[in-house]
Amino acid sequence: QGTGTLWRTCPTCKQHFTGDVRLGLARARWDLHRSQPEDDWQRLNAADGLASALQECAGDHAGALPLFQEVLAVSRRVDGDDDVNTLVSMNNLASLHQKMGNSELARPLFDEALEAQRRTLGEEAPDTLRTISNLAMHHLRTENFALALPMAEEVLAVRHRTLGKEHADTLESIQNLGLLRWHMAHGEYVSFHNADAHAGPWDLKELESAASLLEEAKKLRCRVLGKSHKKTLESERALGYAVQR
């Protein structure tokens with residue numbers, strides 16, 4: 001329990017817990033440690049774990065928000081603004097703000113985290129690349145494609161070179177670049193569900209590029225993760241919309 005590994009990973013198959021099991025364990029861990037002082041490291045880890053499980057397993061962004069806010073505030077106070085854990089917490093909160101549609105709250109946190117990570121960790125550190133990727137998706141959602149595209153391409157190139165073609169982070173970058181190309185094809189942010197209602201023109205070349213990237217992501221995720229994995233199914237759905245379009 002010291003590192004939290006037993007709360008996240010099955011001791012038999014060594015796979016991360018998912019879905020209701022992950023959420024239930026995260027709640028149990030939080031109940032165990034929530035009475036500890038705010039700066040207790042096990043309490044912080046439990047709060048962060050529950051926040052992540054709430055948003056990823058239950059889509060409960062409102063429930064995750066105060067937990068991520070608390071973790072960042074305590075991390076700033078105890079470890080300082082440039083500490084690696086503080087920067088991860090900053091990124092987590094910024095990503096949640098973005099998912100909740102609060103771009104004006106997300107952008108300053110992304111910018112602060114990225115500046116510090118580049119200075120303290122380097123351009124190609126995994127945490128730095130994760131922030132660049134998240135910031136690219138932020139620019140996608142705010143339709144600033146001129147900023148989003150070079151960031152997404154940079155992250156994919158570095159991950160491909162340093163992690164390999166089939167690493168989970170590389171696969172995420174292929175998927176993200178495909179999604180970005182999909183929106184660029186329409187000249188604005190257009191969700192898959194609302195694509196038929198899009199009245200404006202669309203760029204066939206960009207659509208073909210999007211479909212090619214999404215197909216690559218699907219094939220690689222199927223081989224690496226399995227055809228029933230949620231990430232594989234995510235790529236399959238996205239590819240279906242792109243091909244249909």
# chains A, B, ... in the order shown; residues from 1 in each chain; ligands from 1
>>> residues_around(residues="Ala168 of chain A", least_positions_apart="4", cutoff="12 Å", atoms="only C-alpha atoms", output="PyMOL selection string")
chain A and resi 156+159-160+163-164+172-175+217+220-225+231-232
>>> write_last_selection(atoms="C-alpha atoms", output="JSON list (two decimals), in the first residue's frame")
[["chain", "number", "residue", "atom", "x", "y", "z"],
["A", 156, "LEU", "CA", 4.33, 12.26, -32.51],
["A", 159, "ARG", "CA", 7.52, 9.74, -29.23],
["A", 160, "HIS", "CA", 7.99, 7.63, -32.35],
["A", 163, "LEU", "CA", 9.45, 5.29, -27.43],
["A", 164, "GLY", "CA", 8.85, 3.30, -30.60],
["A", 172, "GLU", "CA", -2.25, 8.25, -28.64],
["A", 173, "SER", "CA", -0.31, 10.79, -30.70],
["A", 174, "ILE", "CA", -1.29, 9.09, -33.97],
["A", 175, "GLN", "CA", -4.93, 9.13, -32.86],
["A", 217, "ALA", "CA", -4.08, 4.03, -34.85],
["A", 220, "LEU", "CA", -1.75, -0.70, -34.05],
["A", 221, "ARG", "CA", -4.04, -0.50, -31.03],
["A", 222, "CYS", "CA", -5.76, -3.70, -32.12],
["A", 223, "ARG", "CA", -2.41, -5.48, -32.34],
["A", 224, "VAL", "CA", -0.95, -4.04, -29.14],
["A", 225, "LEU", "CA", -4.01, -3.69, -26.89],
["A", 231, "LYS", "CA", -8.77, 2.61, -26.91],
["A", 232, "THR", "CA", -9.07, 0.30, -29.92]]
>>> closest_residue(among="A:Leu67, A:Val158, A:Met90, A:Ala125", to="Arg34 of chain A", atoms="only C-alpha atoms")
A:Leu67
>>> residues_around(residues="Arg29 of chain A", least_positions_apart="5", cutoff="9 Å", atoms="only C-alpha atoms", output="ChimeraX atom specification")
/A:4,7,24,34,43,46-47,49-50
>>> residues_around(residues="segment 186-194 of chain A", least_positions_apart="5", cutoff="10 Å", atoms="only C-alpha atoms", output="number ranges by chain")
A: 140-145, 179-181, 199-204, 206-207, 237-238, 240-242, 245
>>> atom_distance(atom1="atom CA of Asn176 of chain A", atom2="atom CA of Thr162 of chain A")
18.0 Å
>>> atom_distance(atom1="atom CA of Leu44 of chain A", atom2="atom CA of Thr12 of chain A")
26.5 Å
>>> closest_residue(among="A:Glu123, A:Asp82, A:Gly19, A:Ala152", to="Met137 of chain A", atoms="only C-alpha atoms")
A:Ala152
>>> residues_around(residues="Asp127 of chain A", least_positions_apart="4", cutoff="10 Å", atoms="only C-alpha atoms", output="PyMOL selection string")
chain A and resi 84+87-88+91+113-114+117-118+121-123+131-133
>>> residues_around(residues="Asp79 of chain A", least_positions_apart="6", cutoff="12 Å", atoms="only C-alpha atoms", output="mmCIF file with C-alpha atoms, in the first residue's frame")
data_model
loop_
_atom_site.group_PDB
_atom_site.id
_atom_site.type_symbol
_atom_site.label_atom_id
_atom_site.label_comp_id
_atom_site.auth_asym_id
_atom_site.auth_seq_id
_atom_site.Cartn_x
_atom_site.Cartn_y
_atom_site.Cartn_z
ATOM 1 C CA ASP A 39 -0.064 17.354 3.216
ATOM 2 C CA TRP A 41 1.532 12.003 0.845
ATOM 3 C CA VAL A 71 -3.942 18.271 -4.770
ATOM 4 C CA LEU A 72 -2.458 21.131 -6.811
ATOM 5 C CA ALA A 73 -2.856 23.678 -4.011
ATOM 6 C CA ASN A 85 4.521 16.235 -8.987
ATOM 7 C CA THR A 86 3.178 19.795 -8.865
ATOM 8 C CA LEU A 87 3.560 20.084 -12.629
ATOM 9 C CA SER A 89 -1.085 18.045 -10.938
#
>>> residues_around(residues="Ala146 of chain A", least_positions_apart="6", cutoff="10 Å", atoms="only C-alpha atoms", output="list of chain:residue names")
A:Ala136, A:His139, A:Leu140, A:Met184
>>> write_last_selection(atoms="N, CA, C and O atoms", output="PDB file, in the first residue's frame")
ATOM      1  N   ALA A 136      -1.850  21.004 -27.397  1.00  0.00           N
ATOM      2  CA  ALA A 136      -2.274  20.895 -28.803  1.00  0.00           C
ATOM      3  C   ALA A 136      -3.765  20.604 -28.883  1.00  0.00           C
ATOM      4  O   ALA A 136      -4.482  21.185 -29.716  1.00  0.00           O
ATOM      5  N   HIS A 139      -5.685  23.733 -28.186  1.00  0.00           N
ATOM      6  CA  HIS A 139      -5.751  24.598 -29.367  1.00  0.00           C
ATOM      7  C   HIS A 139      -6.731  24.032 -30.397  1.00  0.00           C
ATOM      8  O   HIS A 139      -7.395  24.795 -31.113  1.00  0.00           O
ATOM      9  N   LEU A 140      -6.821  22.700 -30.476  1.00  0.00           N
ATOM     10  CA  LEU A 140      -7.801  22.088 -31.366  1.00  0.00           C
ATOM     11  C   LEU A 140      -9.210  22.515 -30.984  1.00  0.00           C
ATOM     12  O   LEU A 140     -10.006  22.940 -31.833  1.00  0.00           O
ATOM     13  N   MET A 184      -9.543  19.992 -38.931  1.00  0.00           N
ATOM     14  CA  MET A 184      -8.975  20.907 -39.921  1.00  0.00           C
ATOM     15  C   MET A 184      -9.672  20.761 -41.265  1.00  0.00           C
ATOM     16  O   MET A 184      -9.816  21.743 -42.010  1.00  0.00           O
TER      17      MET A 184
END
>>> closest_residue(among="A:Glu56, A:Asp48, A:Glu236, A:Asp20", to="His33 of chain A", atoms="only C-alpha atoms")
A:Asp48
>>> closest_residue(among="A:Asn45, A:Ser212, A:Asn102, A:Asn134", to="Ser235 of chain A", atoms="only C-alpha atoms")
A:Ser212
>>> select_by_dssp(residues="chain A", states="alpha helix (DSSP H)", output="PyMOL selection string")
chain A and resi 5-8+19-33+41-57+61-79+84-99+103-120+126-141+145-163+168-186+204-225+230-244
>>> atom_distance(atom1="atom CA of His61 of chain A", atom2="atom CA of Ala106 of chain A")
14.0 Å
